[in-house]
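What follows is coords_27.json (JSON, C-alpha atoms and all ligand atoms).
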```json
[["chain", "number", "residue", "atom", "x", "y", "z"],
["A", 1044, "MET", "CA", 44.12, 4.83, 7.06],
["A", 1045, "PRO", "CA", 47.22, 4.73, 4.87],
["A", 1046, "GLY", "CA", 48.20, 1.21, 3.91],
["A", 1047, "PHE", "CA", 44.85, -0.23, 5.00],
["A", 1048, "LYS", "CA", 42.86, -1.46, 2.05],
["A", 1049, "VAL", "CA", 39.12, -1.59, 2.47],
["A", 1050, "ASP", "CA", 37.25, -4.34, 0.68],
["A", 1051, "TRP", "CA", 34.40, -2.09, -0.46],
["A", 1052, "LYS", "CA", 32.46, -4.95, -1.99],
["A", 1053, "SER", "CA", 32.14, -6.49, 1.47],
["A", 1054, "ARG", "CA", 30.43, -3.28, 2.63],
["A", 1055, "GLU", "CA", 27.55, -3.88, 0.21],
["A", 1056, "ILE", "CA", 26.06, -5.87, 3.01],
["A", 1057, "PHE", "CA", 22.60, -6.41, 1.56],
["A", 1058, "SER", "CA", 23.72, -7.52, -1.88],
["A", 1059, "LYS", "CA", 23.29, -11.15, -0.92],
["A", 1060, "LEU", "CA", 19.72, -10.73, 0.27],
["A", 1061, "HIS", "CA", 17.57, -12.96, -1.92],
["A", 1062, "VAL", "CA", 14.03, -14.24, -2.19],
["A", 1063, "PRO", "CA", 13.76, -17.85, -3.40],
["A", 1064, "PRO", "CA", 14.24, -17.50, -7.20],
["A", 1065, "ASP", "CA", 12.04, -20.53, -7.89],
["A", 1066, "LEU", "CA", 8.90, -19.10, -6.24],
["A", 1067, "PRO", "CA", 6.57, -16.24, -7.24],
["A", 1068, "VAL", "CA", 6.91, -12.92, -5.44],
["A", 1069, "VAL", "CA", 5.08, -9.59, -5.28],
["A", 1070, "ILE", "CA", 6.92, -6.28, -5.48],
["A", 1071, "ARG", "CA", 4.70, -3.40, -4.41],
["A", 1072, "VAL", "CA", 5.72, 0.14, -5.34],
["A", 1073, "ASP", "CA", 4.11, 3.24, -3.85],
["A", 1074, "GLY", "CA", 4.43, 6.85, -4.96],
["A", 1075, "TRP", "CA", 6.50, 8.96, -2.57],
["A", 1076, "ASN", "CA", 4.76, 12.09, -1.31],
["A", 1077, "PHE", "CA", 1.97, 11.92, -3.88],
["A", 1078, "HIS", "CA", -0.05, 14.32, -1.82],
["A", 1079, "ASP", "CA", 2.34, 17.01, -3.12],
["A", 1080, "VAL", "CA", 2.72, 15.41, -6.55],
["A", 1081, "SER", "CA", -1.05, 15.54, -7.05],
["A", 1082, "GLU", "CA", -0.97, 19.29, -6.38],
["A", 1083, "ARG", "CA", 2.04, 19.88, -8.63],
["A", 1084, "ALA", "CA", 0.44, 17.92, -11.47],
["A", 1085, "ARG", "CA", -2.92, 19.60, -10.75],
["A", 1086, "LEU", "CA", -4.71, 16.27, -10.52],
["A", 1087, "ASN", "CA", -8.48, 16.31, -10.16],
["A", 1088, "ARG", "CA", -9.90, 15.25, -6.83],
["A", 1089, "PRO", "CA", -10.88, 12.74, -5.67],
["A", 1090, "PHE", "CA", -9.77, 10.85, -8.80],
["A", 1091, "ASP", "CA", -7.88, 11.79, -11.92],
["A", 1092, "LYS", "CA", -7.61, 9.38, -14.82],
["A", 1093, "ARG", "CA", -4.18, 10.80, -15.72],
["A", 1094, "LEU", "CA", -2.65, 9.25, -12.59],
["A", 1095, "ILE", "CA", -4.13, 5.76, -13.00],
["A", 1096, "LYS", "CA", -3.27, 5.85, -16.72],
["A", 1097, "SER", "CA", 0.34, 6.65, -15.87],
["A", 1098, "LEU", "CA", 0.39, 3.59, -13.53],
["A", 1099, "VAL", "CA", -1.07, 1.49, -16.34],
["A", 1100, "MET", "CA", 1.61, 2.76, -18.74],
["A", 1101, "ALA", "CA", 4.27, 1.90, -16.16],
["A", 1102, "SER", "CA", 2.87, -1.65, -15.82],
["A", 1103, "VAL", "CA", 2.85, -2.10, -19.59],
["A", 1104, "ARG", "CA", 6.43, -0.87, -19.81],
["A", 1105, "VAL", "CA", 7.56, -3.21, -17.02],
["A", 1106, "ILE", "CA", 5.93, -6.21, -18.72],
["A", 1107, "ARG", "CA", 7.39, -5.23, -22.11],
["A", 1108, "SER", "CA", 10.84, -4.86, -20.56],
["A", 1109, "GLY", "CA", 11.02, -8.64, -20.36],
["A", 1110, "LEU", "CA", 10.79, -8.93, -16.57],
["A", 1111, "PRO", "CA", 8.57, -11.92, -15.67],
["A", 1112, "VAL", "CA", 5.64, -9.79, -14.44],
["A", 1113, "VAL", "CA", 2.40, -11.64, -15.21],
["A", 1114, "PHE", "CA", -0.04, -9.41, -13.34],
["A", 1115, "ALA", "CA", 0.02, -5.78, -12.15],
["A", 1116, "PHE", "CA", -2.69, -4.35, -9.90],
["A", 1117, "SER", "CA", -2.94, -0.57, -9.45],
["A", 1118, "PHE", "CA", -4.98, 1.97, -7.52],
["A", 1119, "SER", "CA", -4.29, 5.39, -5.98],
["A", 1120, "ASP", "CA", -0.48, 5.74, -6.24],
["A", 1121, "GLU", "CA", 0.56, 2.08, -5.92],
["A", 1122, "ILE", "CA", 1.20, -0.95, -8.11],
["A", 1123, "SER", "CA", 1.57, -4.59, -7.02],
["A", 1124, "TYR", "CA", 3.71, -6.45, -9.53],
["A", 1125, "VAL", "CA", 3.36, -10.26, -9.44],
["A", 1126, "LEU", "CA", 6.50, -11.96, -10.74],
["A", 1127, "GLU", "CA", 6.69, -15.59, -11.81],
["A", 1128, "PRO", "CA", 9.78, -17.76, -11.37],
["A", 1129, "PRO", "CA", 12.50, -18.07, -12.43],
["A", 1130, "LEU", "CA", 13.10, -14.62, -10.92],
["A", 1131, "PRO", "CA", 15.75, -12.40, -12.52],
["A", 1132, "TRP", "CA", 19.05, -11.69, -10.72],
["A", 1133, "GLY", "CA", 18.60, -14.95, -8.84],
["A", 1134, "GLY", "CA", 15.93, -13.20, -6.71],
["A", 1135, "ARG", "CA", 18.25, -10.39, -5.43],
["A", 1136, "VAL", "CA", 16.03, -8.10, -3.36],
["A", 1137, "GLU", "CA", 17.96, -4.87, -3.99],
["A", 1138, "LYS", "CA", 17.82, -5.37, -7.75],
["A", 1139, "LEU", "CA", 14.14, -6.38, -7.87],
["A", 1140, "VAL", "CA", 12.96, -3.49, -5.73],
["A", 1141, "SER", "CA", 15.13, -0.74, -7.17],
["A", 1142, "VAL", "CA", 14.66, -1.62, -10.84],
["A", 1143, "LEU", "CA", 10.87, -1.97, -10.54],
["A", 1144, "ALA", "CA", 10.55, 1.24, -8.50],
["A", 1145, "SER", "CA", 12.69, 3.23, -10.94],
["A", 1146, "LEU", "CA", 11.00, 1.85, -14.07],
["A", 1147, "THR", "CA", 7.73, 2.94, -12.49],
["A", 1148, "SER", "CA", 8.98, 6.41, -11.48],
["A", 1149, "SER", "CA", 10.46, 7.24, -14.84],
["A", 1150, "THR", "CA", 7.30, 6.23, -16.73],
["A", 1151, "VAL", "CA", 4.90, 7.97, -14.33],
["A", 1152, "SER", "CA", 7.05, 11.14, -14.39],
["A", 1153, "ARG", "CA", 6.92, 11.26, -18.15],
["A", 1154, "TRP", "CA", 3.14, 10.78, -18.22],
["A", 1155, "LEU", "CA", 2.36, 13.25, -15.45],
["A", 1156, "GLY", "CA", 4.87, 15.83, -16.69],
["A", 1157, "THR", "CA", 6.40, 16.23, -13.22],
["A", 1158, "LEU", "CA", 9.23, 14.39, -11.43],
["A", 1159, "THR", "CA", 8.08, 11.56, -9.17],
["A", 1160, "SER", "CA", 9.69, 8.80, -7.10],
["A", 1161, "PHE", "CA", 8.42, 5.46, -5.87],
["A", 1162, "ASP", "CA", 9.46, 3.30, -2.94],
["A", 1163, "GLY", "CA", 9.32, -0.47, -3.20],
["A", 1164, "ARG", "CA", 8.96, -3.55, -1.03],
["A", 1165, "VAL", "CA", 8.95, -7.30, -1.36],
["A", 1166, "VAL", "CA", 5.93, -9.37, -0.34],
["A", 1167, "VAL", "CA", 6.74, -13.03, 0.16],
["A", 1168, "LEU", "CA", 3.80, -15.35, -0.36],
["A", 1169, "LYS", "CA", 2.80, -18.83, -1.45],
["A", 1170, "ARG", "CA", 1.28, -19.23, -4.92],
["A", 1171, "GLU", "CA", -2.13, -20.05, -3.40],
["A", 1172, "GLU", "CA", -2.03, -16.81, -1.36],
["A", 1173, "ILE", "CA", -1.68, -14.46, -4.34],
["A", 1174, "SER", "CA", -5.43, -13.93, -4.84],
["A", 1175, "ASP", "CA", -5.89, -13.32, -1.08],
["A", 1176, "TYR", "CA", -3.10, -10.74, -1.20],
["A", 1177, "LEU", "CA", -4.70, -9.04, -4.22],
["A", 1178, "ASN", "CA", -8.05, -9.12, -2.44],
["A", 1179, "TRP", "CA", -6.44, -7.28, 0.48],
["A", 1180, "ARG", "CA", -5.17, -4.53, -1.84],
["A", 1181, "GLN", "CA", -8.52, -4.37, -3.66],
["A", 1182, "MET", "CA", -10.35, -3.87, -0.34],
["A", 1183, "GLU", "CA", -7.89, -1.05, 0.31],
["A", 1184, "ALA", "CA", -8.82, 0.44, -3.09],
["A", 1185, "TRP", "CA", -12.47, 0.46, -2.02],
["A", 1186, "ARG", "CA", -11.64, 2.04, 1.36],
["A", 1187, "ASN", "CA", -9.52, 4.62, -0.46],
["A", 1188, "ALA", "CA", -12.43, 5.48, -2.81],
["A", 1189, "LEU", "CA", -14.82, 5.88, 0.09],
["A", 1190, "ASN", "CA", -12.38, 8.04, 2.07],
["A", 1191, "SER", "CA", -11.36, 10.19, -0.89],
["A", 1192, "TYR", "CA", -14.96, 11.07, -1.78],
["A", 1193, "ALA", "CA", -15.83, 11.58, 1.87],
["A", 1194, "LEU", "CA", -12.91, 13.94, 2.42],
["A", 1195, "LEU", "CA", -14.07, 16.05, -0.50],
["A", 1196, "ALA", "CA", -17.60, 16.07, 0.94],
["A", 1197, "LEU", "CA", -16.35, 17.17, 4.36],
["A", 1198, "GLU", "CA", -14.33, 19.96, 2.78],
["A", 1199, "ALA", "CA", -17.47, 21.05, 0.90],
["A", 1200, "GLU", "CA", -19.13, 21.25, 4.32],
["A", 1201, "GLY", "CA", -16.39, 23.55, 5.58],
["A", 1202, "TYR", "CA", -14.04, 21.12, 7.36],
["A", 1203, "ARG", "CA", -10.36, 21.77, 6.70],
["A", 1204, "GLY", "CA", -7.07, 19.80, 6.89],
["A", 1205, "ARG", "CA", -6.61, 18.01, 10.18],
["A", 1206, "ASP", "CA", -10.21, 18.61, 11.30],
["A", 1207, "ALA", "CA", -11.53, 16.91, 8.16],
["A", 1208, "ALA", "CA", -9.14, 13.95, 8.58],
["A", 1209, "GLU", "CA", -10.14, 13.58, 12.24],
["A", 1210, "LYS", "CA", -13.84, 13.71, 11.50],
["A", 1211, "LEU", "CA", -13.32, 11.10, 8.75],
["A", 1212, "ARG", "CA", -11.57, 8.70, 11.15],
["A", 1213, "GLY", "CA", -14.58, 8.65, 13.44],
["A", 1214, "MET", "CA", -17.10, 7.74, 10.71],
["A", 1215, "LYS", "CA", -18.34, 4.27, 9.68],
["A", 1216, "ALA", "CA", -18.92, 3.16, 6.05],
["A", 1217, "PRO", "CA", -22.74, 3.72, 5.95],
["A", 1218, "GLU", "CA", -22.25, 7.24, 7.35],
["A", 1219, "LEU", "CA", -19.67, 7.95, 4.67],
["A", 1220, "HIS", "CA", -22.07, 6.76, 1.95],
["A", 1221, "ASP", "CA", -24.79, 9.06, 3.29],
["A", 1222, "LEU", "CA", -22.47, 12.05, 3.61],
["A", 1223, "ILE", "CA", -21.13, 11.61, 0.04],
["A", 1224, "PHE", "CA", -24.62, 11.22, -1.38],
["A", 1225, "LYS", "CA", -26.05, 14.15, 0.55],
["A", 1226, "THR", "CA", -23.18, 16.58, -0.09],
["A", 1227, "LEU", "CA", -21.78, 15.60, -3.50],
["A", 1228, "LYS", "CA", -24.88, 13.88, -4.94],
["A", 1229, "VAL", "CA", -22.65, 10.91, -5.76],
["A", 1230, "ASN", "CA", -23.60, 7.28, -5.22],
["A", 1231, "VAL", "CA", -20.15, 5.92, -4.44],
["A", 1232, "ALA", "CA", -21.27, 2.35, -5.24],
["A", 1233, "LYS", "CA", -21.78, 3.52, -8.83],
["A", 1234, "VAL", "CA", -18.61, 5.50, -9.52],
["A", 1235, "PRO", "CA", -16.38, 4.06, -12.31],
["A", 1236, "ALA", "CA", -15.17, 0.54, -11.53],
["A", 1237, "TRP", "CA", -11.46, 1.50, -11.69],
["A", 1238, "GLN", "CA", -11.98, 3.86, -8.75],
["A", 1239, "ARG", "CA", -13.62, 1.13, -6.62],
["A", 1240, "ARG", "CA", -11.79, -2.01, -7.74],
["A", 1241, "GLY", "CA", -8.49, -0.80, -9.21],
["A", 1242, "VAL", "CA", -7.02, -1.68, -12.61],
["A", 1243, "VAL", "CA", -5.26, -4.83, -13.78],
["A", 1244, "VAL", "CA", -2.62, -5.13, -16.49],
["A", 1245, "ARG", "CA", -1.94, -8.77, -17.33],
["A", 1246, "ARG", "CA", -0.77, -11.10, -20.01],
["A", 1247, "LYS", "CA", -4.06, -12.53, -21.22],
["A", 1248, "ARG", "CA", -4.22, -15.84, -23.01],
["A", 1249, "TYR", "CA", -5.63, -16.22, -26.47],
["A", 1250, "LEU", "CA", -5.63, -19.03, -29.00],
["A", 1251, "LYS", "CA", -3.43, -18.07, -31.93],
["A", 1252, "ARG", "CA", -4.20, -21.07, -34.12],
["A", 1253, "VAL", "CA", -7.48, -22.41, -32.85],
["A", 1254, "ASN", "CA", -7.28, -25.81, -34.60],
["A", 1255, "GLU", "CA", -3.78, -26.52, -33.35],
["A", 1256, "GLY", "CA", -4.48, -25.17, -29.85],
["A", 1257, "VAL", "CA", -1.52, -22.75, -30.00],
["A", 1258, "VAL", "CA", -1.70, -20.43, -27.00],
["A", 1259, "ARG", "CA", -0.21, -16.94, -27.00],
["A", 1260, "ARG", "CA", -0.57, -14.04, -24.59],
["A", 1261, "LYS", "CA", -1.07, -10.36, -25.14],
["A", 1262, "ILE", "CA", -0.85, -7.47, -22.72],
["A", 1263, "THR", "CA", -4.37, -6.48, -21.70],
["A", 1264, "VAL", "CA", -5.67, -3.67, -19.49],
["A", 1265, "ASP", "CA", -8.81, -4.42, -17.44],
["A", 1266, "TRP", "CA", -10.49, -1.24, -16.24],
["A", 1267, "SER", "CA", -13.21, -3.24, -14.52],
["A", 1268, "PRO", "CA", -11.57, -6.31, -12.98],
["A", 1269, "PRO", "CA", -13.64, -8.82, -11.01],
["A", 1270, "LEU", "CA", -13.68, -8.85, -7.22],
["A", 1271, "PHE", "CA", -10.73, -11.04, -6.26],
["A", 1272, "SER", "CA", -12.69, -12.42, -3.29],
["A", 1273, "THR", "CA", -15.17, -14.19, -5.62],
["A", 1274, "GLU", "CA", -14.73, -17.53, -7.39],
["A", 1275, "GLU", "CA", -14.63, -15.66, -10.73],
["A", 1276, "GLY", "CA", -11.91, -13.36, -9.35],
["A", 1277, "ARG", "CA", -9.80, -16.26, -8.09],
["A", 1278, "ARG", "CA", -10.04, -18.01, -11.47],
["A", 1279, "TYR", "CA", -9.12, -14.76, -13.20],
["A", 1280, "VAL", "CA", -5.95, -14.45, -11.11],
["A", 1281, "LEU", "CA", -5.05, -18.12, -11.58],
["A", 1282, "GLU", "CA", -5.39, -17.85, -15.35],
["A", 1283, "ALA", "CA", -2.77, -15.10, -15.40],
["A", 1284, "LEU", "CA", -0.38, -17.20, -13.29],
["A", 1285, "GLU", "CA", -0.75, -20.53, -15.09],
["A", 1286, "LYS", "CA", 2.14, -21.69, -17.17],
["A", 1287, "ASP", "CA", 1.26, -22.21, -20.84],
["A", 1288, "LYS", "CA", 1.76, -25.70, -22.26],
["A", 1289, "ARG", "CA", 3.97, -25.74, -25.31],
["B", 1, "LIG", "N1", -5.84, 14.56, -6.67],
["B", 1, "LIG", "C1", -5.60, 13.25, -6.65],
["B", 1, "LIG", "N2", -4.74, 12.77, -5.72],
["B", 1, "LIG", "C2", -4.52, 11.44, -5.69],
["B", 1, "LIG", "C3", -5.14, 10.54, -6.58],
["B", 1, "LIG", "N3", -4.74, 9.27, -6.28],
["B", 1, "LIG", "C4", -3.89, 9.39, -5.24],
["B", 1, "LIG", "N4", -3.74, 10.69, -4.87],
["B", 1, "LIG", "C5", -2.90, 11.24, -3.81],
["B", 1, "LIG", "O1", -1.94, 10.28, -3.47],
["B", 1, "LIG", "C6", -1.97, 10.00, -2.07],
["B", 1, "LIG", "C7", -1.67, 8.53, -1.87],
["B", 1, "LIG", "O2", -1.65, 8.20, -0.52],
["B", 1, "LIG", "P1", -0.31, 7.89, 0.28],
["B", 1, "LIG", "O3", 0.58, 7.02, -0.52],
["B", 1, "LIG", "O4", -0.76, 7.40, 1.62],
["B", 1, "LIG", "O5", 0.31, 9.36, 0.48],
["B", 1, "LIG", "P2", 1.69, 10.01, -0.01],
["B", 1, "LIG", "O6", 1.52, 11.50, 0.04],
["B", 1, "LIG", "O7", 2.09, 9.42, -1.34],
["B", 1, "LIG", "O8", 2.70, 9.60, 1.14],
["B", 1, "LIG", "P3", 3.87, 8.46, 1.15],
["B", 1, "LIG", "O9", 3.42, 7.34, 0.25],
["B", 1, "LIG", "O10", 3.96, 8.03, 2.57],
["B", 1, "LIG", "O11", 5.10, 9.14, 0.67],
["B", 1, "LIG", "C8", -3.36, 10.41, -1.63],
["B", 1, "LIG", "O12", -3.39, 10.84, -0.30],
["B", 1, "LIG", "C9", -3.68, 11.58, -2.56],
["B", 1, "LIG", "O13", -3.17, 12.76, -2.02],
["B", 1, "LIG", "C10", -6.03, 11.08, -7.57],
["B", 1, "LIG", "O14", -6.61, 10.37, -8.43],
["B", 1, "LIG", "N5", -6.23, 12.45, -7.55],
["B", 2, "MG", "MG", 2.29, 7.27, -1.60]]
```
Once more with this new file: its structure as structure tokens, please.
Ligand SMILES: Nc1nc2c(ncn2[C@@H]2O[C@H](COP(=O)(O)OP(=O)(O)OP(=O)(O)O)[C@@H](O)[C@H]2O)c(=O)[nH]1
Ligand SMILES: [Mg+2]
Amino acid sequence: MPGFKVDWKSREIFSKLHVPPDLPVVIRVDGWNFHDVSERARLNRPFDKRLIKSLVMASVRVIRSGLPVVFAFSFSDEISYVLEPPLPWGGRVEKLVSVLASLTSSTVSRWLGTLTSFDGRVVVLKREEISDYLNWRQMEAWRNALNSYALLALEAEGYRGRDAAEKLRGMKAPELHDLIFKTLKVNVAKVPAWQRRGVVVRRKRYLKRVNEGVVRRKITVDWSPPLFSTEEGRRYVLEALEKDKR
């Protein structure tokens, strides 16, 4: 309308949405339409190391960018980034989600040699819930491994598309194990650990000057992380989250 001046800034109605900047938070990003991406990039089924490596490279880049990410857990086409306070941008949700998703997309695209996009979401949790959250995602990694091998086995038996997916839904874990072993001659409990348990990129502690107790951290990739449900796994997560004494 002529003469009527819109305050456009006031239309950015989610710009004030924040998570508490003095608490940790998880941002989970997930590849958009990776079913198609995996075909475009000609990824091996059920697992291709190129994809998980591209997620690892994205995690390394995010940590190197200076964002306070202390732990990144990846499997399939997703990464959970654990951020320690003080959070950047005062905890602004739009900034956190969009910057982490786009840093991930640009790195993965470069590594896969095809254009990709990632969505992102915020997971609010208490510090003591972080290992339970990671355990939930790690159980999903295991379910994903089982289902991905089983789908391939069903296709080898002649099932296609929707029929294969439907058949898969009706099967319990022991049946899936048997099917995979019988058809593909694969013991799914023995496939590489990264396929079953996911991969962690973290800032691992080391003693720089042993006598003086000077602690530093370096970016480390764990291709065989512990089970987060165990005591060892919980300690492993806590170590990454602990603040270093100066
Ligand atoms: N070939 C191959 N495909 C993979 C691999 N890891 C993940 N994928 C593909 O990525 C998909 C990830 O699942 P989803 O995130 O549920 O599916 P999506 O197609 O990305 O769908 P949206 O996330 O809803 O956009 C799987 O269904 C596979 O198609 C891999 O190692 N090899
Ligand atoms: Mg996806």
Review point. Mind pulling up the distance from atom CA of A:Trp1185 to atom CA of A:Thr1273?
Key: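 Distance between the two atoms: 15.3 Å.
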Closest atom pairs, stretch 1106-1169 of chain A residues within 8 Å of stretch 1085-1095 of chain A, all atoms listed in the file, as JSON lines:
```
{"residue": "A:Ser1117", "atom": "CA", "partner": "A:Ile1095", "partner_atom": "CA", "distance": 7.4}
{"residue": "A:Phe1118", "atom": "CA", "partner": "A:Ile1095", "partner_atom": "CA", "distance": 6.7}
{"residue": "A:Ser1119", "atom": "CA", "partner": "A:Ile1095", "partner_atom": "CA", "distance": 7.0}
{"residue": "A:Asp1120", "atom": "CA", "partner": "A:Leu1094", "partner_atom": "CA", "distance": 7.6}
{"residue": "A:Val1151", "atom": "CA", "partner": "A:Leu1094", "partner_atom": "CA", "distance": 7.9}
{"residue": "A:Trp1154", "atom": "CA", "partner": "A:Arg1093", "partner_atom": "CA", "distance": 7.7}
{"residue": "A:Leu1155", "atom": "CA", "partner": "A:Arg1093", "partner_atom": "CA", "distance": 7.0}
```
**Study point:** Pick from A:Val1069, A:Val1243, A:Leu1222, A:Leu1250, whichever lies nearest to A:Met1100 using all atoms listed in the file
**Key:**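 Nearest to A:Met1100: A:Val1243.
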Point to revise | Distance query A:Ala1193 at most 9 Å, only C-alpha atoms, self and fewer than 3 positions along chain excluded, as a PyMOL selection string | key: chain A and resi 1188-1190+1196-1198+1211+1219-1220+1222-1223+1227
Keeping C-alpha atoms for every residue in the selection just given, could you write it to a file as a short mmCIF file (atom, residue, chain, number, x, y, z; two decimals), keeping the file's coordinate frame?
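selection00.cif, written as the output of this step:
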```
data_model
loop_
_atom_site.label_atom_id
_atom_site.label_comp_id
_atom_site.auth_asym_id
_atom_site.auth_seq_id
_atom_site.Cartn_x
_atom_site.Cartn_y
_atom_site.Cartn_z
CA ALA A 1188 -12.43 5.48 -2.81
CA LEU A 1189 -14.82 5.88 0.09
CA ASN A 1190 -12.38 8.04 2.07
CA ALA A 1196 -17.60 16.07 0.94
CA LEU A 1197 -16.35 17.17 4.36
CA GLU A 1198 -14.33 19.96 2.78
CA LEU A 1211 -13.32 11.10 8.75
CA LEU A 1219 -19.67 7.95 4.67
CA HIS A 1220 -22.07 6.76 1.95
CA LEU A 1222 -22.47 12.05 3.61
CA ILE A 1223 -21.13 11.61 0.04
CA LEU A 1227 -21.78 15.60 -3.50
#
```
Review point. Which one of A:Phe1057, A:Trp1051, A:Trp1075, A:Tyr1279 sits closest to ligand MG 2 (chain B) if you count all atoms listed in the file?
Key: A:Trp1075
Point to revise | Expected answer as a ChimeraX atom specification: residues within 8 Å of ligand MG 2 (chain B), all atoms listed in the file | key: /A:1073-1078,1120-1121,1161
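Here atom CA of A:Leu1098 is placed at a distance of 25.3 Å from atom CA of A:Leu1066.
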Practice item. For atom CA of A:Leu1126 and atom CA of A:Pro1067, determine how far apart the two atoms are, in Å to one decimal place. Key: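 Computed distance, atom CA of A:Leu1126 to atom CA of A:Pro1067, equals 5.5 Å.
Candidate residues A:Val1234, A:Val1072, A:Val1142, A:Val1099 were compared for distance to A:Asp1162, and the nearest is A:Val1072, using only C-alpha atoms.
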Mind dumping a table of every stretch 1161-1203 of chain A residue within 12 Å of stretch 1107-1114 of chain A, with the nearest atom pair and its distance in Å to one decimal, using all atoms listed in the file, sorted by chain and rising number, as CSV?
```
residue,atom,partner,partner_atom,distance
A:Ile1173,CA,A:Phe1114,CA,10.4
A:Ser1174,CA,A:Phe1114,CA,11.0
A:Leu1177,CA,A:Phe1114,CA,10.2
```
To box stretch 1244-1254 of chain A, take all atoms listed in the file, fit an axis-aligned box, add 4 Å on each side, and give centre and edge lengths in Å to one decimal, as JSON.
```
{"center_x": -4.1, "center_y": -15.5, "center_z": -25.5, "size_x": 14.7, "size_y": 28.7, "size_z": 26.1}
```
Point to revise | Residue nearest A:Thr1150 - candidates A:Ser1097, A:Asn1254, A:Asn1230, A:Ser1058, atoms counted: all atoms listed in the file | key: A:Ser1097
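Shortest atom-to-atom contact with A:Pro1129 among A:Asp1287, A:Asp1221, A:Gly1204, A:Pro1063: A:Pro1063, counting only C-alpha atoms.
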Review point. Excluding same-chain residues fewer than 3 positions from stretch 1263-1267 of chain A, what lies within 9 Å of it counting only C-alpha atoms, as a list in words?
Key: Val1099, Val1103, Pro1235, Ala1236, Trp1237, Arg1240, Gly1241, Val1242, Val1243, Val1244, Arg1245, Arg1246, Lys1247 and Arg1260 of chain A
**Study point:** Residue nearest ligand LIG 1 (chain B) among A:Arg1239, A:Lys1048, A:Arg1135, A:Lys1215 (counting all atoms listed in the file)
**Key:**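 Nearest to ligand LIG 1 (chain B): A:Arg1239.
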